[in-house]
file entry_38.cif (mmCIF, C-alpha atoms)
data_model
#
loop_
_atom_site.label_atom_id
_atom_site.label_comp_id
_atom_site.auth_asym_id
_atom_site.auth_seq_id
_atom_site.Cartn_x
_atom_site.Cartn_y
_atom_site.Cartn_z
CA MET M 1472 36.77 -6.28 -17.30
CA ILE M 1473 36.93 -9.11 -14.78
CA SER M 1474 38.68 -7.88 -11.67
CA ALA M 1475 40.18 -9.54 -8.65
CA GLN M 1476 37.00 -8.71 -6.72
CA ASP M 1477 34.75 -10.57 -9.13
CA PRO M 1478 33.53 -14.12 -8.52
CA PRO M 1479 35.79 -17.04 -9.51
CA LEU M 1480 35.82 -17.71 -13.21
CA ASN M 1481 34.01 -21.03 -12.80
CA PHE M 1482 31.11 -18.88 -11.62
CA TRP M 1483 30.33 -18.17 -15.26
CA ALA M 1484 29.99 -21.84 -16.09
CA SER M 1485 28.04 -22.62 -12.92
CA ARG M 1486 25.50 -19.92 -13.75
CA ALA M 1487 24.65 -21.35 -17.17
CA PRO M 1488 20.88 -20.94 -17.57
CA ARG M 1489 18.79 -24.11 -17.49
CA GLN M 1490 16.47 -22.56 -20.07
CA PRO M 1491 17.30 -20.06 -22.81
CA PRO M 1492 17.20 -16.53 -21.34
CA VAL M 1493 14.25 -14.36 -22.23
CA CYS M 1494 15.26 -11.49 -24.50
CA ALA M 1495 13.73 -9.13 -26.99
CA ARG M 1496 15.31 -10.82 -29.99
CA PRO M 1497 15.99 -14.51 -30.75
CA CYS M 1498 18.74 -16.02 -28.60
CA TRP M 1499 21.03 -18.36 -30.51
CA HIS M 1500 22.85 -19.96 -27.58
CA THR M 1501 20.94 -22.25 -25.23
CA GLY M 1502 23.95 -22.91 -23.01
CA PRO M 1503 27.26 -21.34 -22.05
CA VAL M 1504 29.47 -20.06 -24.86
CA ARG M 1505 32.74 -21.96 -24.86
CA ILE M 1506 35.86 -19.79 -24.85
CA ASP M 1507 39.35 -21.24 -25.09
CA VAL M 1508 42.85 -19.82 -25.37
CA ALA M 1509 45.68 -21.57 -27.20
CA LEU M 1510 48.57 -20.35 -25.07
CA VAL M 1511 51.04 -21.70 -27.64
CA PRO M 1512 50.44 -21.96 -31.40
CA GLY M 1513 50.55 -25.75 -31.33
CA GLU M 1514 47.25 -25.73 -29.41
CA ALA M 1515 45.39 -23.87 -32.17
CA ALA M 1516 42.36 -25.84 -33.34
CA PRO M 1517 40.64 -24.12 -36.29
CA ALA M 1518 38.25 -27.03 -36.83
CA ARG M 1519 37.00 -26.90 -33.24
CA ALA M 1520 35.99 -23.24 -33.02
CA ASP M 1521 33.46 -21.06 -34.79
CA VAL M 1522 35.79 -18.07 -34.50
CA LEU M 1523 39.55 -17.81 -34.04
CA VAL M 1524 41.23 -14.64 -32.77
CA VAL M 1525 44.96 -14.62 -33.49
CA VAL M 1526 47.10 -12.52 -31.15
CA ASP M 1527 50.69 -11.56 -31.89
CA GLN M 1528 50.66 -8.66 -29.48
CA ILE M 1529 54.29 -7.53 -29.97
CA ARG M 1530 53.98 -6.73 -32.78
CA ALA M 1531 52.23 -8.18 -35.85
CA SER M 1532 48.63 -7.89 -34.59
CA THR M 1533 49.18 -4.28 -33.59
CA THR M 1534 50.93 -3.51 -36.88
CA LEU M 1535 48.14 -5.05 -38.98
CA THR M 1536 45.53 -3.01 -37.12
CA VAL M 1537 47.53 0.18 -37.69
CA LEU M 1538 48.00 -0.54 -41.41
CA LEU M 1539 44.25 -0.92 -41.92
CA ASP M 1540 43.58 2.18 -39.83
CA LEU M 1541 45.92 4.10 -42.15
CA GLY M 1542 43.91 3.09 -45.19
CA CYS M 1543 46.24 0.67 -46.97
CA SER M 1544 44.61 -0.55 -50.15
CA ASP M 1545 45.76 -4.11 -49.54
CA VAL M 1546 47.71 -5.87 -46.78
CA LEU M 1547 49.31 -9.04 -48.07
CA LEU M 1548 51.01 -11.61 -45.82
CA THR M 1549 54.01 -13.83 -46.39
CA GLY M 1550 56.13 -15.97 -44.11
CA THR M 1551 59.56 -15.50 -45.67
CA VAL M 1552 61.65 -12.55 -46.75
CA ILE M 1553 62.20 -14.04 -50.21
CA ALA M 1554 58.47 -14.53 -50.77
CA ALA M 1555 57.79 -11.00 -49.51
CA ARG M 1556 60.25 -9.47 -51.96
CA ARG M 1557 58.80 -11.50 -54.82
CA LEU M 1558 55.23 -10.52 -53.96
CA ALA M 1559 56.15 -6.84 -53.62
CA ALA M 1560 57.86 -6.93 -57.00
CA THR M 1561 54.79 -8.35 -58.72
CA THR M 1562 52.24 -6.12 -56.98
CA GLY M 1563 54.15 -2.87 -56.58
CA ALA M 1564 53.57 -3.03 -52.83
CA LEU M 1565 55.61 -1.50 -50.05
CA LEU M 1566 57.56 -3.94 -47.88
CA ALA M 1567 57.19 -4.05 -44.10
CA GLY M 1568 58.24 -6.60 -41.53
CA GLU M 1569 61.05 -8.28 -39.69
CA HIS M 1570 63.17 -11.40 -39.63
CA ARG M 1571 64.33 -12.38 -36.15
CA ALA M 1572 63.16 -8.96 -34.90
CA ARG M 1573 65.27 -7.01 -37.43
CA LYS M 1574 64.19 -5.16 -40.58
CA PRO M 1575 65.42 -7.10 -43.63
CA HIS M 1576 67.63 -5.33 -46.14
CA GLY M 1577 65.65 -3.35 -48.71
CA PHE M 1578 62.38 -3.28 -46.74
CA ASP M 1579 60.59 0.05 -46.59
CA PHE M 1580 59.46 -0.35 -42.99
CA ASP M 1581 60.20 -2.42 -39.94
CA ASN M 1582 57.44 -4.34 -38.17
CA SER M 1583 57.03 -1.27 -35.99
CA PRO M 1584 53.49 0.00 -35.40
CA SER M 1585 54.72 3.30 -33.98
CA GLU M 1586 56.90 3.89 -37.06
CA LEU M 1587 54.12 2.90 -39.45
CA SER M 1588 51.58 5.10 -37.67
CA LEU M 1589 53.52 8.10 -39.00
CA ALA M 1590 53.92 6.78 -42.55
CA ASP M 1591 51.93 7.81 -45.59
CA VAL M 1592 50.63 4.48 -46.84
CA ARG M 1593 47.03 5.43 -47.63
CA GLY M 1594 45.91 3.83 -50.86
CA ARG M 1595 49.11 1.79 -51.13
CA PRO M 1596 49.40 -2.00 -50.92
CA VAL M 1597 51.76 -3.33 -48.25
CA VAL M 1598 53.35 -6.76 -47.93
CA LEU M 1599 53.95 -7.74 -44.29
CA CYS M 1600 56.39 -10.49 -43.35
CA THR M 1601 56.98 -11.43 -39.70
CA THR M 1602 58.59 -14.35 -37.89
CA ASN M 1603 55.66 -15.49 -35.74
CA GLY M 1604 52.49 -13.62 -36.70
CA THR M 1605 52.28 -14.59 -40.35
CA ALA M 1606 53.28 -18.18 -39.49
CA ILE M 1607 50.33 -18.70 -37.13
CA LEU M 1608 47.92 -17.05 -39.57
CA GLU M 1609 49.09 -19.52 -42.21
CA ARG M 1610 48.53 -22.36 -39.75
CA VAL M 1611 44.91 -21.39 -38.96
CA ARG M 1612 43.89 -20.09 -42.40
CA THR M 1613 41.30 -22.89 -42.76
CA GLY M 1614 39.24 -21.55 -39.85
CA ALA M 1615 35.69 -20.41 -40.60
CA HIS M 1616 36.39 -16.91 -39.24
CA VAL M 1617 39.93 -15.79 -38.39
CA LEU M 1618 40.28 -12.38 -36.75
CA VAL M 1619 43.42 -10.55 -35.65
CA GLY M 1620 43.31 -9.18 -32.13
CA ALA M 1621 45.51 -7.08 -29.87
CA LEU M 1622 45.15 -4.71 -26.95
CA ARG M 1623 44.76 -1.92 -29.49
CA ASN M 1624 41.46 -3.31 -30.80
CA ALA M 1625 40.47 -5.54 -27.88
CA ARG M 1626 36.90 -4.34 -27.43
CA ALA M 1627 36.14 -4.19 -31.16
CA CYS M 1628 37.61 -7.67 -31.62
CA ALA M 1629 35.55 -9.08 -28.73
CA VAL M 1630 32.36 -7.62 -30.18
CA ALA M 1631 33.18 -9.04 -33.63
CA ALA M 1632 34.06 -12.50 -32.27
CA ASP M 1633 30.83 -12.62 -30.27
CA GLY M 1634 28.77 -11.63 -33.29
CA LEU M 1635 30.38 -14.17 -35.60
CA ALA M 1636 30.10 -16.99 -33.05
CA ARG M 1637 26.37 -16.52 -32.50
CA GLY M 1638 24.44 -19.39 -33.99
CA GLY M 1639 27.48 -21.67 -33.81
CA GLN M 1640 28.12 -24.55 -31.47
CA ARG M 1641 31.91 -24.63 -31.17
CA GLY M 1642 32.64 -21.33 -29.49
CA ILE M 1643 35.65 -19.01 -29.69
CA GLN M 1644 39.36 -19.73 -29.46
CA VAL M 1645 41.96 -17.02 -28.95
CA VAL M 1646 45.28 -18.17 -30.39
CA CYS M 1647 48.58 -16.82 -29.09
CA ALA M 1648 51.31 -16.62 -31.74
CA GLY M 1649 54.09 -17.06 -29.20
CA ARG M 1650 57.74 -16.79 -30.09
CA ASN M 1651 59.44 -19.64 -31.88
CA ARG M 1652 56.41 -21.77 -30.96
CA ARG M 1653 56.85 -21.06 -27.25
CA PHE M 1654 54.72 -19.21 -24.71
CA VAL M 1655 55.14 -15.46 -24.29
CA ALA M 1656 53.37 -13.42 -21.63
CA GLU M 1657 52.42 -10.46 -23.83
CA ASP M 1658 50.20 -12.61 -26.06
CA ALA M 1659 48.55 -14.32 -23.10
CA VAL M 1660 47.86 -10.98 -21.37
CA ALA M 1661 46.22 -9.59 -24.51
CA ALA M 1662 44.24 -12.82 -24.88
CA GLY M 1663 43.05 -12.45 -21.29
CA VAL M 1664 41.81 -8.92 -21.99
CA ILE M 1665 39.89 -10.08 -25.08
CA VAL M 1666 38.39 -13.06 -23.21
CA ALA M 1667 37.24 -10.84 -20.35
CA ARG M 1668 35.62 -8.47 -22.83
CA ILE M 1669 33.72 -11.33 -24.45
CA VAL M 1670 32.50 -12.46 -21.02
CA GLU M 1671 31.28 -8.91 -20.35
CA ILE M 1672 29.38 -8.81 -23.64
CA LEU M 1673 27.72 -12.16 -22.96
CA GLY M 1674 26.84 -11.16 -19.40
CA ALA M 1675 25.18 -7.97 -20.62
CA ARG M 1676 22.83 -10.19 -22.69
CA GLY M 1677 22.16 -12.55 -19.80
CA GLU M 1678 24.28 -15.31 -21.36
CA ALA M 1679 27.02 -17.33 -19.71
CA ALA M 1680 30.56 -18.22 -20.73
CA GLU M 1681 32.35 -21.50 -20.15
CA LEU M 1682 36.06 -20.78 -19.90
CA SER M 1683 38.70 -23.43 -20.45
CA ASP M 1684 41.52 -23.60 -17.92
CA ALA M 1685 43.77 -21.82 -20.41
CA ALA M 1686 41.25 -19.01 -20.94
CA ALA M 1687 40.84 -18.58 -17.18
CA ALA M 1688 44.62 -18.55 -16.75
CA ALA M 1689 44.99 -15.83 -19.38
CA VAL M 1690 42.49 -13.61 -17.58
CA ARG M 1691 44.22 -14.19 -14.24
CA LEU M 1692 47.62 -13.45 -15.78
CA ARG M 1693 46.41 -10.05 -16.95
CA GLU M 1694 45.05 -9.37 -13.44
CA GLY M 1695 48.50 -10.12 -12.03
CA PHE M 1696 49.92 -6.90 -13.50
CA PRO M 1697 49.07 -3.44 -12.17
CA ASP M 1698 48.54 -2.14 -15.71
CA LEU M 1699 49.05 -3.14 -19.32
CA LEU M 1700 52.16 -1.03 -19.81
CA THR M 1701 53.89 -2.91 -17.00
CA ALA M 1702 52.80 -6.20 -18.52
CA MET M 1703 54.29 -5.26 -21.88
CA ARG M 1704 57.51 -3.91 -20.35
CA GLU M 1705 58.08 -7.06 -18.32
CA SER M 1706 57.29 -9.46 -21.17
CA ASP M 1707 59.69 -11.27 -23.46
CA GLY M 1708 58.56 -9.05 -26.33
CA GLY M 1709 59.27 -5.93 -24.29
CA ALA M 1710 62.78 -7.15 -23.56
CA THR M 1711 63.34 -7.81 -27.27
CA LEU M 1712 62.19 -4.30 -28.21
CA ARG M 1713 64.63 -2.78 -25.74
CA ARG M 1714 67.42 -5.00 -27.04
CA ILE M 1715 66.90 -3.93 -30.66
CA GLY M 1716 66.55 -0.25 -29.76
CA GLN M 1717 62.80 0.17 -30.32
CA PRO M 1718 61.42 0.72 -26.80
CA GLU M 1719 58.85 3.23 -28.12
CA ASP M 1720 56.86 0.28 -29.48
CA ILE M 1721 56.29 -1.02 -25.95
CA ALA M 1722 54.02 1.85 -24.94
CA PHE M 1723 52.38 1.91 -28.36
CA CYS M 1724 51.50 -1.79 -28.14
CA ALA M 1725 50.17 -1.30 -24.60
CA GLU M 1726 47.48 1.17 -25.75
CA GLU M 1727 44.06 -0.37 -25.17
CA ASP M 1728 41.01 0.17 -27.40
CA ALA M 1729 42.73 2.82 -29.51
CA SER M 1730 41.19 1.33 -32.66
CA ALA M 1731 37.78 0.06 -33.76
CA THR M 1732 39.34 -1.83 -36.67
CA VAL M 1733 39.17 -5.64 -36.73
CA PRO M 1734 41.43 -7.32 -39.31
CA VAL M 1735 40.00 -10.53 -40.76
CA LEU M 1736 42.03 -13.09 -42.68
CA ARG M 1737 41.36 -13.99 -46.29
CA ALA M 1738 43.18 -17.22 -47.12
CA GLY M 1739 44.23 -16.29 -50.65
CA PRO M 1740 46.51 -16.92 -52.39
CA PRO M 1741 48.11 -14.73 -51.39
CA MET M 1742 46.99 -14.48 -47.79
CA ARG M 1743 45.76 -11.03 -46.87
CA VAL M 1744 43.87 -9.20 -44.16
CA VAL M 1745 41.01 -6.82 -44.72
CA ARG M 1746 38.91 -4.72 -42.42
CA LEU M 1747 35.93 -6.62 -41.08
CA SER M 1748 32.74 -4.97 -42.27
CA PRO M 1749 30.29 -3.95 -39.51
#
call {"tool": "encode", "arguments": {"input": "entry_38.cif", "output": "structure tokens"}}
result
Amino acid sequence: MISAQDPPLNFWASRAPRQPPVCARPCWHTGPVRIDVALVPGEAAPARADVLVVVDQIRASTTLTVLLDLGCSDVLLTGTVIAARRLAATTGALLAGEHRARKPHGFDFDNSPSELSLADVRGRPVVLCTTNGTAILERVRTGAHVLVGALRNARACAVAADGLARGGQRGIQVVCAGRNRRFVAEDAVAAGVIVARIVEILGARGEAAELSDAAAAAVRLREGFPDLLTAMRESDGGATLRRIGQPEDIAFCAEEDASATVPVLRAGPPMRVVRLSP
């Protein structure tokens, strides 16, 4: 993790090797690996990145990771409650999700990762419908590789993004889902953690990273909080969870590296996420 004592972030770009580093296996990158963060969904650019990592930290990204950890047979995604009900009726799937932060009538589960972590959904298909998370996944579905990241799977997601980006020329973009198309701190903090992990992985191989201003800002934002729990509590998403009476999800979403699962998007139809194979 980059810390306040580390060199400035432009250090990574300034240390880009003039020649490919010597290593025991072929090195695909001959220059710095470009890493960007779309701090709002409107900045997402699927055509300009080899790998996209979508972050809806509170709560869709965390929920999707939990569902795959629990062994759901299929996780299908829709953007509206009506479409979710129709898809569940045709597939026999359970319904999970929210509309404007509330569980819709007739749904089996809320978009609550802590609630779902206790549910018996192994071997069952689940349809997930959320206000922001499924909308941004729909927006970037044309990307070559679209992963779902959160604090819960930050290290695993960074490793996967690095592996998929090797051999490419366009780099990695972490896309924040935001709320109603606007910036929210919880997504940016999680993006900063994932970016810092990717920088660590590259540095361990003797490779450099070239961070956009937005990527650097995300890392610095995370460093501005004493810990991740505080960051989640003080975020817009944390305030929403307290308002709707689900504060237990704040601590659950703040857990870091609790999962090695990396959800990857399959465009469909219907859209779905599956566990990324090692």
call {"tool": "resolve_selection", "arguments": {"input": "entry_38.cif", "expression": "the PyMOL selection byres ((chain M and resi 1545) around 9)", "output": "PyMOL selection string"}}
result
chain M and resi 1539+1542-1544+1546-1547+1564+1594-1598+1743-1745
call {"tool": "resolve_selection", "arguments": {"input": "entry_38.cif", "expression": "the PyMOL selection byres ((chain M and resi 1503-1520) around 9)", "output": "ChimeraX atom specification"}}
result
/M:1483-1484,1486-1488,1500-1502,1521-1523,1607,1610-1617,1636-1637,1639-1650,1652-1655,1658-1659,1662-1663,1666,1669-1670,1673,1678-1689
call {"tool": "closest_residue", "arguments": {"input": "entry_38.cif", "among": "M:Ile1529, M:Pro1749, M:Leu1599, M:Ala1675", "to": "M:Ala1554", "atoms": "all atoms listed in the file"}}
result
M:Leu1599
call {"tool": "resolve_selection", "arguments": {"input": "entry_38.cif", "expression": "the PyMOL selection byres ((chain M and resi 1706) around 12)", "output": "CSV table (one decimal) with C-alpha atoms, in the frame of the given file"}}
result
chain,number,residue,atom,x,y,z
M,1528,GLN,CA,50.7,-8.7,-29.5
M,1529,ILE,CA,54.3,-7.5,-30.0
M,1649,GLY,CA,54.1,-17.1,-29.2
M,1650,ARG,CA,57.7,-16.8,-30.1
M,1654,PHE,CA,54.7,-19.2,-24.7
M,1655,VAL,CA,55.1,-15.5,-24.3
M,1656,ALA,CA,53.4,-13.4,-21.6
M,1657,GLU,CA,52.4,-10.5,-23.8
M,1658,ASP,CA,50.2,-12.6,-26.1
M,1659,ALA,CA,48.6,-14.3,-23.1
M,1660,VAL,CA,47.9,-11.0,-21.4
M,1661,ALA,CA,46.2,-9.6,-24.5
M,1692,LEU,CA,47.6,-13.4,-15.8
M,1693,ARG,CA,46.4,-10.0,-17.0
M,1696,PHE,CA,49.9,-6.9,-13.5
M,1699,LEU,CA,49.0,-3.1,-19.3
M,1700,LEU,CA,52.2,-1.0,-19.8
M,1701,THR,CA,53.9,-2.9,-17.0
M,1702,ALA,CA,52.8,-6.2,-18.5
M,1703,MET,CA,54.3,-5.3,-21.9
M,1704,ARG,CA,57.5,-3.9,-20.4
M,1705,GLU,CA,58.1,-7.1,-18.3
M,1707,ASP,CA,59.7,-11.3,-23.5
M,1708,GLY,CA,58.6,-9.0,-26.3
M,1709,GLY,CA,59.3,-5.9,-24.3
M,1710,ALA,CA,62.8,-7.2,-23.6
M,1711,THR,CA,63.3,-7.8,-27.3
M,1712,LEU,CA,62.2,-4.3,-28.2
M,1713,ARG,CA,64.6,-2.8,-25.7
M,1721,ILE,CA,56.3,-1.0,-26.0
M,1724,CYS,CA,51.5,-1.8,-28.1
M,1725,ALA,CA,50.2,-1.3,-24.6
call {"tool": "atom_distance", "arguments": {"input": "entry_38.cif", "atom1": "atom CA of M:Thr1732", "atom2": "atom CA of M:Gly1634"}}
result
14.8 Å
call {"tool": "residues_around", "arguments": {"input": "entry_38.cif", "residues": "M:Gly1550", "least_positions_apart": "5", "cutoff": "9 Å", "atoms": "all atoms listed in the file", "output": "PyMOL selection string"}}
result
chain M and resi 1555+1599-1606+1609
call {"tool": "closest_residue", "arguments": {"input": "entry_38.cif", "among": "M:Leu1565, M:Gly1620, M:Asp1579, M:Glu1586", "to": "M:Leu1535", "atoms": "only C-alpha atoms"}}
result
M:Gly1620
call {"tool": "atom_distance", "arguments": {"input": "entry_38.cif", "atom1": "atom CA of M:Ser1730", "atom2": "atom CA of M:Gly1695"}}
result
24.7 Å
call {"tool": "atom_distance", "arguments": {"input": "entry_38.cif", "atom1": "atom CA of M:Ala1667", "atom2": "atom CA of M:Ala1631"}}
result
14.0 Å
call {"tool": "residues_near_point", "arguments": {"input": "entry_38.cif", "point": "(53.6, -6.9, -37.2)", "cutoff": "7 Å", "atoms": "only C-alpha atoms", "output": "PyMOL selection string"}}
result
chain M and resi 1530-1535+1568+1582-1583+1601+1604
call {"tool": "axis_aligned_box", "arguments": {"input": "entry_38.cif", "around": "stretch 1519-1529 of chain M", "padding_each_side": "5 Å", "output": "lines of an AutoDock Vina configuration file"}}
result
center_x = 43.9
center_y = -17.2
center_z = -32.1
size_x = 30.8
size_y = 29.4
size_z = 15.3
call {"tool": "closest_residue", "arguments": {"input": "entry_38.cif", "among": "M:Ala1722, M:Leu1548, M:Val1525, M:Ala1559", "to": "M:Leu1618", "atoms": "all atoms listed in the file"}}
result
M:Val1525
call {"tool": "residues_around", "arguments": {"input": "entry_38.cif", "residues": "M:His1576", "least_positions_apart": "4", "cutoff": "12 Å", "atoms": "all atoms listed in the file", "output": "ChimeraX atom specification"}}
result
/M:1552-1553,1555-1556,1566-1570,1580-1581
call {"tool": "closest_residue", "arguments": {"input": "entry_38.cif", "among": "M:Asp1698, M:Leu1541, M:Val1690, M:Asn1651", "to": "M:Asp1591", "atoms": "all atoms listed in the file"}}
result
M:Leu1541
call {"tool": "closest_residue", "arguments": {"input": "entry_38.cif", "among": "M:Leu1608, M:Leu1622, M:Leu1587, M:Ala1560", "to": "M:Ala1729", "atoms": "only C-alpha atoms"}}
result
M:Leu1622
call {"tool": "closest_residue", "arguments": {"input": "entry_38.cif", "among": "M:Asn1624, M:Gln1717, M:Thr1551, M:Thr1562", "to": "M:Pro1575", "atoms": "all atoms listed in the file"}}
result
M:Thr1551
